[in-house]
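Enquirer: Got a structure here, written out as structure tokens. Questions coming.
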Amino acid sequence: MAEQWQRRRQILKALTEHQGFISGEELANQLDVSRMTISNHIDALETLGVEIFSVKGKGYKLQKAVPLMDEKQLLEAIQGRCFYFDEIDSTNSFMMKHASELKSGDICIAEHQTAGRGRRGRNWVSPYGSHFYGSVFWNFPQGMAQAMGLSLVVGCSLVTALEALGVSGLAVKWPNDVYLNGKKLAGILVEMSGQADGECQIVIGIGVNFVMPSSSAEQIDQPWSDLVDMDIPSKTEFAIAFHQQLVADLKVFETQGLNPFLSRWQQTDLYKDQVIRLEMGENHVEGVCRGIDEQGGILLEHDGEVKSFVGGEISLRPHS
Ligand code: ATP
Ligand code: BTN
């Protein structure tokens, strides 16, 4: 299995470094394998979501860049344990399964998820190498109540880390998204196990789009964005910087709660002072978005009164 991934990485490297098309024969010679082996790996990469032009008589060419992590750089720089995979079902599932063996700050990163998840079981589109998929473990000794509003902290961490790498045009959308130029760039999925009042284990999953392949874009049923036009150093440097920022922010959150994050949220709130709609199953309410409170609730002003709404079943939508 490991050899298969090594070969696929070698093929991607050759395709990335070659100007224009490269023939199957040349690839086979470079890697010292048969043309059939090359063709099978190209097929496998396409199944994983990598888009490769294939022209008879000319050979192969990548449609878009595939920004794979530099594993050595990643593992050397991450403080704590880092589990890095080419393919996994879901980085969140991996961390939930191993929760009892983990320490706060441990991270799992994958290049491809076969069952990437969003909130309420929705699919998270996860083509190979194209994006960042990671999950960080954190232990909250005082139970779930202590972790209320956590996804808002993670949104702030993401914005801070990306801005430090030179990205502008970012905004947070309550409760678990980061937008770039008004379209969804990243999603956050917080999952927990443990008792309501006893120790609780949290897994924080983050997906950030780097270079979206067209075939993956077709699977997303809402406007999306990626970092392709942003001059970010690399996906590896993002992962290292973001992990560092998140760990620092979680330490603050653990002792001081959401209070230190309220103004950071306010500065980049996508719908600040705009009329929005909160959908809760069959019901909905409308009002002006007035930011968040210390419990992580969204503040909605209606008829001169400001009320807080909180709960995993709520979806925020712009007023139509
Ligand atoms: P809400 O959380 O407010 O209900 P949402 O539509 O963003 O709204 P989520 O569960 O947070 O829902 O996210 C999952 C949704 O994100 C999917 O249904 C899909 O529309 C979108 N999506 C899936 N993969 C990606 C991706 N790689 N990039 C951007 N958006 C994606
Ligand atoms: C959302 O917007 O609903 C949240 C999307 C979270 C996606 C990330 S990708 C890494 C981690 N593993 C998963 O299966 N989901 C999260």
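Ordering of the structure tokens sets the chain letters (A, B, ...), residue numbers begin anew at 1 in every chain, and ligands are numbered from 1 in the order given.
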Can you write out as a Markdown table which residues of chain A fall within 7 Å of ligand 1, alongside each residue's closest atom pair and its distance in Å to one decimal, counting only C-alpha atoms and all ligand atoms and ordering rows by chain and ascending residue number?
Expert:
| residue | atom | partner | partner_atom_place_in_ligand_line | distance |
| --- | --- | --- | --- | --- |
| A:Gly118 | CA | ligand 1 | 10 (O) | 4.3 |
| A:Arg119 | CA | ligand 1 | 10 (O) | 3.6 |
| A:Arg120 | CA | ligand 1 | 10 (O) | 6.0 |
| A:Arg122 | CA | ligand 1 | 18 (O) | 5.1 |
| A:Asn123 | CA | ligand 1 | 17 (C) | 5.6 |
| A:Trp124 | CA | ligand 1 | 24 (N) | 3.7 |
| A:Val125 | CA | ligand 1 | 24 (N) | 3.9 |
| A:Ser126 | CA | ligand 1 | 27 (N) | 6.0 |
| A:Pro175 | CA | ligand 1 | 2 (O) | 7.0 |
| A:Asn176 | CA | ligand 1 | 11 (O) | 6.3 |
| A:Asp177 | CA | ligand 1 | 11 (O) | 6.5 |
| A:Lys184 | CA | ligand 1 | 29 (C) | 5.1 |
| A:Leu185 | CA | ligand 1 | 29 (C) | 5.6 |
| A:Ala186 | CA | ligand 1 | 29 (C) | 6.1 |
| A:Gly187 | CA | ligand 1 | 11 (O) | 6.1 |
| A:Gly207 | CA | ligand 1 | 27 (N) | 6.9 |
| A:Asn209 | CA | ligand 1 | 27 (N) | 5.9 |
| A:Ile220 | CA | ligand 1 | 19 (C) | 5.0 |
| A:Asp221 | CA | ligand 1 | 20 (O) | 4.6 |
| A:Gln222 | CA | ligand 1 | 20 (O) | 5.0 |
| A:Trp224 | CA | ligand 1 | 29 (C) | 4.8 |
| A:Ser225 | CA | ligand 1 | 29 (C) | 6.8 |
| A:Ile314 | CA | ligand 1 | 4 (O) | 6.7 |
| A:Ser315 | CA | ligand 1 | 3 (O) | 3.8 |
| A:Leu316 | CA | ligand 1 | 3 (O) | 4.9 |
| A:Arg317 | CA | ligand 1 | 3 (O) | 6.9 |
Enquirer: Would you please give, as JSON, numbers by chain, all residues of region 155-208 of chain A that DSSP assigns to alpha helix (DSSP H) based on the backbone?
Expert: {"A": [155, 156, 157, 158, 159, 160, 161, 162, 163, 164]}
Enquirer: Could the residues in this selection be written to a file with N, CA and C atoms, as a short mmCIF file (atom, residue, chain, number, x, y, z; two decimals), in the first residue's frame?
Expert:
data_model
loop_
_atom_site.label_atom_id
_atom_site.label_comp_id
_atom_site.auth_asym_id
_atom_site.auth_seq_id
_atom_site.Cartn_x
_atom_site.Cartn_y
_atom_site.Cartn_z
N GLY A 155 -12.79 29.39 14.26
CA GLY A 155 -12.96 30.32 13.14
C GLY A 155 -12.01 31.51 13.28
N CYS A 156 -11.92 32.06 14.49
CA CYS A 156 -11.01 33.19 14.74
C CYS A 156 -9.56 32.77 14.49
N SER A 157 -9.19 31.56 14.96
CA SER A 157 -7.81 31.08 14.78
C SER A 157 -7.47 30.96 13.29
N LEU A 158 -8.43 30.43 12.54
CA LEU A 158 -8.20 30.25 11.09
C LEU A 158 -7.97 31.60 10.42
N VAL A 159 -8.83 32.57 10.74
CA VAL A 159 -8.69 33.89 10.13
C VAL A 159 -7.34 34.50 10.50
N THR A 160 -6.97 34.42 11.79
CA THR A 160 -5.69 35.01 12.22
C THR A 160 -4.52 34.36 11.49
N ALA A 161 -4.53 33.01 11.41
CA ALA A 161 -3.42 32.30 10.76
C ALA A 161 -3.35 32.63 9.27
N LEU A 162 -4.49 32.64 8.61
CA LEU A 162 -4.49 32.92 7.17
C LEU A 162 -4.10 34.37 6.88
N GLU A 163 -4.58 35.30 7.72
CA GLU A 163 -4.21 36.71 7.51
C GLU A 163 -2.70 36.89 7.69
N ALA A 164 -2.13 36.19 8.68
CA ALA A 164 -0.68 36.30 8.91
C ALA A 164 0.10 35.77 7.70
#
Enquirer: Can you write out as a tab-separated table which residues of region 171-235 of chain A fall within 8 Å of region 136-144 of chain A, alongside each residue's closest atom pair and its distance in Å to one decimal, counting only C-alpha atoms and ordering rows by chain and ascending residue number?
Expert:
residue	atom	partner	partner_atom	distance
A:Met192	CA	A:Met144	CA	7.9
A:Gly194	CA	A:Gly143	CA	7.5
A:Gln195	CA	A:Gly143	CA	6.4
A:Ala196	CA	A:Met144	CA	5.1
A:Asp197	CA	A:Gly143	CA	4.7
A:Gly198	CA	A:Gly143	CA	4.8
A:Glu199	CA	A:Pro141	CA	4.2
A:Cys200	CA	A:Gly143	CA	4.8
A:Gln201	CA	A:Asn139	CA	4.7
A:Ile202	CA	A:Trp138	CA	5.1
A:Val203	CA	A:Phe137	CA	4.7
A:Ile204	CA	A:Val136	CA	5.1
A:Gly205	CA	A:Val136	CA	6.5
Enquirer: Compile the contact shell of Leu152 (chain A) as a ChimeraX atom specification: residues with an atom at most 10 Å away, counting only C-alpha atoms, same-chain residues fewer than 4 positions apart removed.
Expert: /A:148,156-158,172-178,188,258,261-262,264-265,292,296-297
Enquirer: Have a look at CA of Asn40 (chain A) and CA of Phe210 (chain A) and let me know their distance in Å, one decimal.
Expert: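 CA of Asn40 (chain A) sits 26.2 Å away from CA of Phe210 (chain A).
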